[in-house]
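Colleague: What follows is work_21.tsv, TSV, C-alpha atoms (C1' of nucleotides).
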```tsv
chain	number	residue	atom	x	y	z
A	4	MET	CA	104.00	-16.22	6.60
A	5	ALA	CA	107.30	-16.73	8.38
A	6	SER	CA	106.42	-16.50	12.05
A	7	ASN	CA	108.87	-14.07	13.57
A	8	ILE	CA	111.95	-16.03	14.54
A	9	LYS	CA	113.72	-14.61	17.55
A	10	MET	CA	117.46	-14.09	17.21
A	11	ASP	CA	119.89	-13.86	20.08
A	12	ASP	CA	123.36	-12.32	20.09
A	13	LYS	CA	124.98	-15.53	18.90
A	14	ASP	CA	122.66	-15.69	15.92
A	15	ARG	CA	123.48	-12.10	15.08
A	16	LEU	CA	127.19	-12.82	15.32
A	17	ILE	CA	126.83	-15.81	13.02
A	18	VAL	CA	124.99	-13.69	10.48
A	19	ARG	CA	127.58	-10.94	10.70
A	20	LEU	CA	130.45	-13.36	10.19
A	21	LEU	CA	128.70	-15.03	7.27
A	22	SER	CA	128.02	-11.64	5.69
A	23	ASN	CA	131.74	-11.04	5.52
A	24	ASP	CA	132.58	-14.54	4.33
A	25	ALA	CA	129.73	-16.87	3.49
A	26	ARG	CA	132.16	-19.71	2.85
A	27	MET	CA	133.69	-19.63	6.31
A	28	PRO	CA	133.74	-23.22	7.61
A	29	VAL	CA	131.34	-24.08	10.41
A	30	SER	CA	134.34	-25.18	12.46
A	31	GLU	CA	135.78	-21.66	12.47
A	32	LEU	CA	132.37	-20.03	12.88
A	33	SER	CA	131.71	-22.15	15.95
A	34	ARG	CA	135.09	-21.23	17.39
A	35	GLN	CA	134.40	-17.51	17.05
A	36	VAL	CA	130.84	-17.78	18.32
A	37	GLY	CA	131.70	-20.02	21.25
A	38	LEU	CA	129.45	-22.95	20.38
A	39	SER	CA	130.03	-26.46	19.15
A	40	GLY	CA	129.96	-27.26	15.44
A	41	PRO	CA	126.56	-28.99	15.44
A	42	SER	CA	124.92	-26.16	17.43
A	43	THR	CA	126.22	-23.63	14.95
A	44	SER	CA	125.01	-25.70	12.00
A	45	GLU	CA	121.62	-26.02	13.60
A	46	ARG	CA	121.33	-22.26	14.10
A	47	ILE	CA	122.22	-21.62	10.46
A	48	ARG	CA	119.68	-24.21	9.37
A	49	ARG	CA	116.98	-22.61	11.57
A	50	MET	CA	117.66	-19.14	10.20
A	51	GLU	CA	117.41	-20.46	6.66
A	52	ALA	CA	114.17	-22.30	7.43
A	53	GLY	CA	112.77	-19.23	9.20
A	54	GLY	CA	113.48	-17.06	6.18
A	55	ILE	CA	115.97	-14.76	7.89
A	56	ILE	CA	118.72	-15.99	5.58
A	57	SER	CA	117.19	-16.04	2.14
A	58	ARG	CA	120.31	-17.35	0.39
A	59	PHE	CA	124.06	-17.58	0.33
A	60	THR	CA	125.43	-15.64	-2.61
A	61	VAL	CA	128.38	-13.72	-4.06
A	62	ASP	CA	128.88	-10.01	-4.54
A	63	LEU	CA	130.26	-9.36	-8.01
A	64	ASP	CA	132.22	-6.26	-8.90
A	65	LEU	CA	130.46	-4.66	-11.83
A	66	THR	CA	133.48	-2.58	-12.75
A	67	ALA	CA	135.62	-5.72	-13.04
A	68	LEU	CA	132.87	-7.24	-15.18
A	69	GLY	CA	133.07	-4.31	-17.59
A	70	TYR	CA	130.27	-2.10	-16.25
A	71	PRO	CA	132.10	0.82	-14.65
A	72	LEU	CA	129.11	3.15	-14.71
A	73	GLN	CA	125.75	3.07	-12.91
A	74	ALA	CA	122.73	5.33	-12.97
A	75	ILE	CA	119.51	5.78	-11.02
A	76	VAL	CA	116.70	6.03	-13.55
A	77	ARG	CA	113.23	7.06	-12.44
A	78	ILE	CA	110.57	5.99	-14.90
A	79	LYS	CA	107.00	7.30	-15.12
A	80	PRO	CA	104.94	5.40	-17.67
A	81	ARG	CA	102.37	7.36	-19.66
A	82	PRO	CA	98.75	6.27	-19.10
A	83	GLY	CA	98.12	2.71	-20.27
A	84	ASN	CA	101.78	1.78	-20.58
A	85	MET	CA	102.41	0.53	-17.07
A	86	HIS	CA	102.76	-3.17	-17.80
A	87	ILE	CA	104.63	-2.81	-21.05
A	88	VAL	CA	107.16	-0.53	-19.41
A	89	GLU	CA	107.67	-2.96	-16.55
A	90	ASP	CA	108.31	-5.75	-19.05
A	91	MET	CA	110.77	-3.58	-20.96
A	92	ILE	CA	112.71	-2.95	-17.77
A	93	LEU	CA	112.82	-6.64	-16.89
A	94	ASN	CA	113.96	-7.55	-20.40
A	95	GLU	CA	116.83	-5.06	-20.54
A	96	PRO	CA	119.71	-6.87	-18.77
A	97	GLY	CA	121.40	-3.61	-17.77
A	98	PHE	CA	118.74	-2.93	-15.12
A	99	LEU	CA	119.93	-4.36	-11.81
A	100	ASP	CA	117.16	-3.20	-9.49
A	101	CYS	CA	113.62	-2.05	-10.08
A	102	ASP	CA	111.34	-0.83	-7.32
A	103	LYS	CA	107.70	0.10	-7.80
A	104	VAL	CA	107.01	3.10	-5.61
A	105	THR	CA	104.29	5.46	-4.51
A	106	GLY	CA	104.32	9.05	-5.66
A	107	GLU	CA	105.08	10.89	-8.85
A	108	ASP	CA	107.44	8.37	-10.41
A	109	CYS	CA	106.27	4.81	-10.70
A	110	PHE	CA	109.56	2.92	-11.04
A	111	VAL	CA	112.93	3.66	-9.51
A	112	THR	CA	115.65	1.59	-11.16
A	113	ARG	CA	119.39	1.04	-11.07
A	114	LEU	CA	121.07	0.67	-14.45
A	115	ALA	CA	124.57	-0.65	-15.15
A	116	LEU	CA	126.45	0.66	-18.21
A	117	ARG	CA	129.61	-0.26	-20.10
A	118	SER	CA	130.07	3.41	-20.99
A	119	ILE	CA	128.17	6.64	-21.01
A	120	ALA	CA	127.58	6.12	-24.72
A	121	ASP	CA	125.31	3.20	-23.89
A	122	LEU	CA	122.86	5.31	-21.91
A	123	ASP	CA	120.93	6.78	-24.83
A	124	PRO	CA	120.40	3.50	-26.73
A	125	VAL	CA	119.10	1.81	-23.59
A	126	LEU	CA	116.62	4.57	-22.75
A	127	LEU	CA	115.53	5.37	-26.30
A	128	PRO	CA	112.85	2.64	-26.51
A	129	PHE	CA	111.21	4.09	-23.39
A	130	HIS	CA	110.72	7.58	-24.72
A	131	ASP	CA	107.37	7.10	-26.39
A	132	LYS	CA	105.92	5.16	-23.45
A	133	ALA	CA	107.30	6.93	-20.39
A	134	GLU	CA	109.07	9.93	-18.98
A	135	THR	CA	112.49	9.18	-17.56
A	136	ASN	CA	114.81	11.01	-15.22
A	137	THR	CA	118.42	9.87	-15.05
A	138	ALA	CA	121.04	10.55	-12.40
A	139	ILE	CA	124.57	9.20	-12.87
A	140	ILE	CA	126.05	7.67	-9.73
A	141	LYS	CA	129.28	9.43	-8.76
A	142	SER	CA	129.98	7.27	-5.75
A	143	SER	CA	128.20	4.90	-3.38
A	144	PRO	CA	129.06	5.69	0.24
A	145	LEU	CA	126.80	2.84	1.35
A	146	ARG	CA	125.84	-0.42	-0.37
A	147	GLY	CA	123.82	-3.27	1.08
A	148	ARG	CA	124.17	-2.47	4.75
A	149	MET	CA	121.87	-4.32	7.11
A	150	PRO	CA	120.07	-2.50	9.94
A	151	VAL	CA	121.82	-3.26	13.25
B	3	MET	CA	142.93	-0.84	-11.00
B	4	ALA	CA	141.93	-4.45	-11.52
B	5	SER	CA	143.29	-5.39	-14.92
B	6	ASN	CA	140.39	-6.84	-16.84
B	7	ILE	CA	140.28	-10.54	-16.13
B	8	LYS	CA	138.91	-12.60	-18.97
B	9	MET	CA	136.13	-15.04	-18.10
B	10	ASP	CA	135.15	-18.06	-20.14
B	11	ASP	CA	131.88	-19.99	-20.05
B	12	LYS	CA	133.07	-22.22	-17.24
B	13	ASP	CA	133.89	-19.19	-15.10
B	14	ARG	CA	130.48	-17.75	-15.78
B	15	LEU	CA	128.84	-21.04	-14.84
B	16	ILE	CA	130.80	-21.16	-11.59
B	17	VAL	CA	129.70	-17.63	-10.74
B	18	ARG	CA	126.10	-18.40	-11.58
B	19	LEU	CA	126.09	-21.52	-9.41
B	20	LEU	CA	127.73	-19.68	-6.54
B	21	SER	CA	125.19	-16.87	-6.82
B	22	ASN	CA	122.44	-19.35	-6.09
B	23	ASP	CA	124.32	-21.12	-3.32
B	24	ALA	CA	127.62	-19.68	-2.21
B	25	ARG	CA	128.18	-22.59	0.15
B	26	MET	CA	128.01	-25.25	-2.54
B	27	PRO	CA	131.03	-27.55	-2.07
B	28	VAL	CA	133.79	-27.33	-4.66
B	29	SER	CA	133.29	-31.02	-5.28
B	30	GLU	CA	129.75	-30.51	-6.52
B	31	LEU	CA	130.66	-27.33	-8.36
B	32	SER	CA	133.40	-29.17	-10.23
B	33	ARG	CA	130.98	-31.97	-11.13
B	34	GLN	CA	128.48	-29.54	-12.62
B	35	VAL	CA	131.13	-27.50	-14.41
B	36	GLY	CA	133.01	-30.52	-15.73
B	37	LEU	CA	136.39	-29.80	-14.17
B	38	SER	CA	138.48	-31.33	-11.41
B	39	GLY	CA	138.25	-29.99	-7.88
B	40	PRO	CA	141.59	-28.18	-7.88
B	41	SER	CA	140.89	-26.52	-11.23
B	42	THR	CA	137.60	-25.22	-9.94
B	43	SER	CA	139.16	-23.95	-6.72
B	44	GLU	CA	141.86	-22.22	-8.73
B	45	ARG	CA	139.29	-20.45	-10.90
B	46	ILE	CA	137.42	-19.22	-7.83
B	47	ARG	CA	140.67	-17.98	-6.34
B	48	ARG	CA	141.57	-16.17	-9.57
B	49	MET	CA	138.20	-14.45	-9.75
B	50	GLU	CA	138.52	-13.34	-6.14
B	51	ALA	CA	142.06	-12.06	-6.71
B	52	GLY	CA	141.00	-10.32	-9.94
B	53	GLY	CA	138.22	-8.50	-8.13
B	54	ILE	CA	135.37	-10.08	-10.07
B	55	ILE	CA	134.10	-11.74	-6.91
B	56	SER	CA	134.28	-9.08	-4.24
B	57	ARG	CA	133.00	-11.32	-1.45
B	58	PHE	CA	130.88	-14.28	-0.45
B	59	THR	CA	127.89	-13.13	1.55
B	60	VAL	CA	124.33	-13.85	2.66
B	61	ASP	CA	121.09	-12.25	1.56
B	62	LEU	CA	119.00	-11.45	4.61
B	63	ASP	CA	115.24	-11.06	4.50
B	64	LEU	CA	114.48	-7.65	5.97
B	65	THR	CA	110.86	-8.53	6.56
B	66	ALA	CA	111.85	-11.56	8.64
B	67	LEU	CA	114.24	-9.29	10.54
B	68	GLY	CA	111.36	-6.97	11.45
B	69	TYR	CA	111.71	-4.33	8.71
B	70	PRO	CA	108.73	-4.98	6.44
B	71	LEU	CA	108.81	-1.53	4.84
B	72	GLN	CA	111.32	0.19	2.57
B	73	ALA	CA	111.46	3.62	1.00
B	74	ILE	CA	113.53	5.44	-1.60
B	75	VAL	CA	114.52	8.78	-0.10
B	76	ARG	CA	116.13	11.44	-2.27
B	77	ILE	CA	118.04	13.98	-0.22
B	78	LYS	CA	119.20	17.41	-1.36
B	79	PRO	CA	121.36	19.14	1.25
B	80	ARG	CA	121.04	22.89	1.60
B	81	PRO	CA	124.21	24.86	0.78
B	82	GLY	CA	127.03	24.07	3.18
B	83	ASN	CA	125.42	20.98	4.67
B	84	MET	CA	126.74	18.38	2.24
B	85	HIS	CA	129.16	16.60	4.58
B	86	ILE	CA	126.98	16.79	7.66
B	87	VAL	CA	124.08	15.27	5.77
B	88	GLU	CA	126.25	12.47	4.42
B	89	ASP	CA	127.43	11.67	7.94
B	90	MET	CA	123.87	11.70	9.23
B	91	ILE	CA	122.88	9.17	6.57
B	92	LEU	CA	125.80	6.90	7.40
B	93	ASN	CA	125.02	7.09	11.12
B	94	GLU	CA	121.34	6.20	10.80
B	95	PRO	CA	121.31	2.39	10.65
B	96	GLY	CA	118.01	2.28	8.74
B	97	PHE	CA	119.70	3.48	5.55
B	98	LEU	CA	120.77	0.45	3.52
B	99	ASP	CA	122.11	2.14	0.38
B	100	CYS	CA	123.30	5.64	-0.36
B	101	ASP	CA	124.38	6.79	-3.81
B	102	LYS	CA	125.81	10.20	-4.56
B	103	VAL	CA	124.44	11.28	-7.91
B	104	THR	CA	124.55	14.04	-10.49
B	105	GLY	CA	121.56	16.27	-11.00
B	106	GLU	CA	119.02	17.97	-8.82
B	107	ASP	CA	119.15	15.60	-5.85
B	108	CYS	CA	122.49	14.85	-4.33
B	109	PHE	CA	121.83	11.56	-2.52
B	110	VAL	CA	119.52	8.73	-3.44
B	111	THR	CA	119.05	6.36	-0.52
B	112	ARG	CA	117.18	3.22	0.44
B	113	LEU	CA	115.69	3.21	3.92
B	114	ALA	CA	114.36	0.22	5.86
B	115	LEU	CA	111.57	0.75	8.40
B	116	ARG	CA	109.89	-1.29	11.14
B	117	SER	CA	106.66	0.55	10.45
B	118	ILE	CA	105.38	3.61	8.66
B	119	ALA	CA	105.31	5.39	12.01
B	120	ASP	CA	109.12	5.30	12.05
B	121	LEU	CA	109.47	7.34	8.87
B	122	ASP	CA	108.90	10.76	10.40
B	123	PRO	CA	111.30	10.38	13.35
B	124	VAL	CA	114.06	9.18	11.02
B	125	LEU	CA	113.69	12.06	8.58
B	126	LEU	CA	112.99	14.79	11.13
B	127	PRO	CA	116.66	15.56	11.88
B	128	PHE	CA	117.26	16.19	8.18
B	129	HIS	CA	114.62	18.83	7.75
B	130	ASP	CA	116.69	21.84	8.71
B	131	LYS	CA	119.69	20.73	6.64
B	132	ALA	CA	118.16	19.26	3.50
B	133	GLU	CA	115.10	18.81	1.36
B	134	THR	CA	113.87	15.25	1.17
B	135	ASN	CA	111.56	13.39	-1.17
B	136	THR	CA	110.24	10.01	-0.05
B	137	ALA	CA	108.68	7.23	-2.09
B	138	ILE	CA	107.43	4.10	-0.35
B	139	ILE	CA	108.35	0.89	-2.13
B	140	LYS	CA	105.23	-1.10	-3.02
B	141	SER	CA	107.10	-3.99	-4.60
B	142	SER	CA	110.50	-4.83	-6.06
B	143	PRO	CA	110.15	-6.64	-9.38
B	144	LEU	CA	113.94	-6.80	-9.62
B	145	ARG	CA	116.62	-6.97	-6.93
B	146	GLY	CA	120.34	-7.49	-7.41
B	147	ARG	CA	120.32	-8.91	-10.90
B	148	MET	CA	123.67	-9.08	-12.67
B	149	PRO	CA	124.00	-8.06	-16.33
B	150	VAL	CA	124.22	-11.19	-18.51
C	1	DC	C1'	144.32	-29.39	-15.96
C	2	DA	C1'	144.10	-34.16	-13.50
C	3	DT	C1'	145.53	-37.47	-9.91
C	4	DG	C1'	146.22	-39.36	-5.24
C	5	DA	C1'	147.44	-39.08	-0.37
C	6	DA	C1'	147.15	-36.25	3.88
C	7	DA	C1'	144.81	-32.91	6.62
C	8	DG	C1'	140.74	-30.77	7.60
C	9	DT	C1'	135.55	-30.40	7.78
C	10	DG	C1'	130.50	-31.64	8.18
C	11	DT	C1'	126.87	-34.67	9.90
C	12	DA	C1'	124.29	-38.11	12.59
C	13	DG	C1'	123.35	-40.56	16.72
C	14	DA	C1'	123.75	-41.07	21.71
C	15	DC	C1'	123.84	-38.49	25.72
C	16	DC	C1'	123.49	-34.44	29.13
C	17	DC	C1'	121.50	-30.14	31.37
D	24	DG	C1'	114.39	-27.69	23.86
D	25	DG	C1'	118.97	-26.74	23.05
D	26	DG	C1'	123.87	-28.04	23.61
D	27	DT	C1'	127.92	-31.30	23.53
D	28	DC	C1'	130.81	-35.30	22.18
D	29	DT	C1'	132.50	-38.88	19.21
D	30	DA	C1'	133.14	-41.30	15.00
D	31	DC	C1'	132.75	-41.88	10.14
D	32	DA	C1'	132.21	-40.05	5.50
D	33	DC	C1'	133.08	-36.45	2.76
D	34	DT	C1'	135.75	-32.49	1.12
D	35	DT	C1'	139.73	-29.61	0.32
D	36	DT	C1'	144.57	-28.95	-0.42
D	37	DC	C1'	149.23	-29.81	-1.91
D	38	DA	C1'	152.65	-31.98	-4.46
D	39	DT	C1'	153.40	-34.17	-8.65
D	40	DG	C1'	152.89	-35.65	-13.63
```
Now that the file is in, can you turn its structure into structure tokens?
Modeller:
Amino acid sequence: MASNIKMDDKDRLIVRLLSNDARMPVSELSRQVGLSGPSTSERIRRMEAGGIISRFTVDLDLTALGYPLQAIVRIKPRPGNMHIVEDMILNEPGFLDCDKVTGEDCFVTRLALRSIADLDPVLLPFHDKAETNTAIIKSSPLRGRMPV
Amino acid sequence: MASNIKMDDKDRLIVRLLSNDARMPVSELSRQVGLSGPSTSERIRRMEAGGIISRFTVDLDLTALGYPLQAIVRIKPRPGNMHIVEDMILNEPGFLDCDKVTGEDCFVTRLALRSIADLDPVLLPFHDKAETNTAIIKSSPLRGRMPV
DNA sequence: CATGAAAGTGTAGACCC
DNA sequence: GGGTCTACACTTTCATG
């Protein structure tokens, strides 16, 4: 297990700057943080090795990609259908997130759609193996924030 | 609204490579895509301008940051408390996502916790303004996938 | 979309506190 | 142990075909 790496304020600033622009050059990062280039590189490398930074990636705009609609779908498999339902979720590319949770529902998922007409066809195969509850997302006041 | 940019296979490959490592140099990207450096840079710029790429960022590991627990919390404000409840969510740093949805619940949120003991104190202030329903996340078979 | 020169950037080794 | 400095190799950018 990743032994808990300790972060100081400079580490936190580096992470915050990289969150806004992961391609920011080390030279500019170091300027804003107040360290030399090599020190800044070394801190980034340590945070990657320590597992704090799991990867550098891009945020894609689903609307621009042709998926202007999203829904939260809670899925409760009927007895004996747990694994098959999980596989069905993983194999339907529209599902973006899937969390296995305690409580009444078993899966809470996020589904991307090209149009509302696509909702029924996507959920239809589930209806003999699970109960589903769908809520269309009207807006997302908060996405992907990190705790301070 | 972002006029729908058309992407070809090379664009999709660029995006896929950048998703795995947003700091990959353009030189290596261009090698793998089979284009010159400037052409590759230009495609990245176009996808940023067209809104397909909303930003370059880092994925942080919440467990390594000291938040090993997450929960899905559905929040249904009592009449008249809609805006106050939304503000309370935005002002509690533990909430990572908040979606406003149709249906019975109004907000579906994702909450990060340092320990299970922190759940009650975080939700306590909501109890006179909303009904909440909490499901602890046992595992996340799928996080942040993009539709093919 | 590719090429080539100029400017900028990252990395490694030696050194310091 | 962590930080800095310098120099060299690599990368990006811009103008041009």
Colleague: Produce a table with one row for each residue of chain C that has an atom at most 9 Å from any atom of chain A, each row naming the nearest atom pair and its distance in Å at one decimal; use only C-alpha atoms (C1' of nucleotides); arrange rows by chain and rising residue number; format as CSV.
Modeller:
```
residue,atom,partner,partner_atom,distance
C:DT9,C1',A:Ser30,CA,7.1
C:DG10,C1',A:Val29,CA,7.9
C:DT11,C1',A:Pro41,CA,7.9
```
Colleague: Tell me, in Å to one decimal, how far CA of Cys100 in chain B is from CA of Pro70 in chain B.
Modeller: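 Computing the Euclidean distance for CA of Cys100 in chain B and CA of Pro70 in chain B yields 19.3 Å.
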Colleague: Which residues are near Arg19 in chain A? Cut-off 12 Å, all atoms listed in the file, ignore same chain within fewer than 5 positions. Put them as a VMD selection string.
Modeller: (chain A and resid 12 to 14 24 to 25 27 32 35 to 36 47 56 148 to 151) or (chain B and resid 59 to 62)
Colleague: Return as a tab-separated table the residues of chain D lying at most 10 Å from chain B, together with the closest atom-to-atom pair for each and the distance in Å to one decimal, counting all atoms listed in the file, with rows in chain order and ascending residue number.
Modeller:
```
residue	atom	partner	partner_atom	distance
D:DC33	C1'	B:Ser29	CA	9.7
D:DT34	C1'	B:Ser29	CA	7.0
D:DT35	C1'	B:Val28	CA	8.1
D:DT36	C1'	B:Pro40	CA	8.1
D:DC37	C1'	B:Pro40	CA	9.8
```
Colleague: Could you tell me how far CA of Phe129 in chain A lies from CA of Met91 in chain A, in Å and to one decimal?
Modeller: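 Straight-line distance from CA of Phe129 in chain A to CA of Met91 in chain A works out to 8.1 Å.
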Colleague: Pair the Cα atoms of chain B and chain A in order, fit the first onto the second, and let me know the RMSD in Å.
Modeller: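 Overlaying the two chains on their C-alpha atoms yields 0.2 Å.
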Colleague: With 7 Å as the limit and counting all atoms listed in the file, what residues in chain B lie close to chain A? Please list them as a PyMOL selection string.
Modeller: chain B and resi 4+6+20-25+53-63+66-67+95-96+98-105+137-150
Colleague: What is the distance between CA of Ser118 in chain A and CA of Ile16 in chain B, in Å to one decimal?
Modeller: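 These two atoms are separated by 26.3 Å.
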Colleague: Applying 9 Å and all atoms listed in the file, which residues near DG26 in chain D remain after dropping the ones on its own chain fewer than 5 positions away? List them as a list in words.
Modeller: Leu38, Ser39, Pro41 and Ser42 of chain A; DC16 and DC17 of chain C
Colleague: Create the file for the chosen residues now, containing C-alpha atoms (C1' of nucleotides) and written as a PDB file, keeping the file's coordinate frame.
Modeller:
```
ATOM      1  CA  LEU A  38     129.450 -22.950  20.380  1.00  0.00           C
ATOM      2  CA  SER A  39     130.030 -26.460  19.150  1.00  0.00           C
ATOM      3  CA  PRO A  41     126.560 -28.990  15.440  1.00  0.00           C
ATOM      4  CA  SER A  42     124.920 -26.160  17.430  1.00  0.00           C
TER       5      SER A  42
ATOM      6  C1'  DC C  16     123.490 -34.440  29.130  1.00  0.00           C
ATOM      7  C1'  DC C  17     121.500 -30.140  31.370  1.00  0.00           C
TER       8       DC C  17
END
```
Colleague: Can you pull out every residue within 12 Å of DA38 in chain D, counting only C-alpha atoms (C1' of nucleotides), but drop anything in the same chain fewer than 4 positions away, and send it as a PyMOL selection string?
Modeller: chain C and resi 3-6
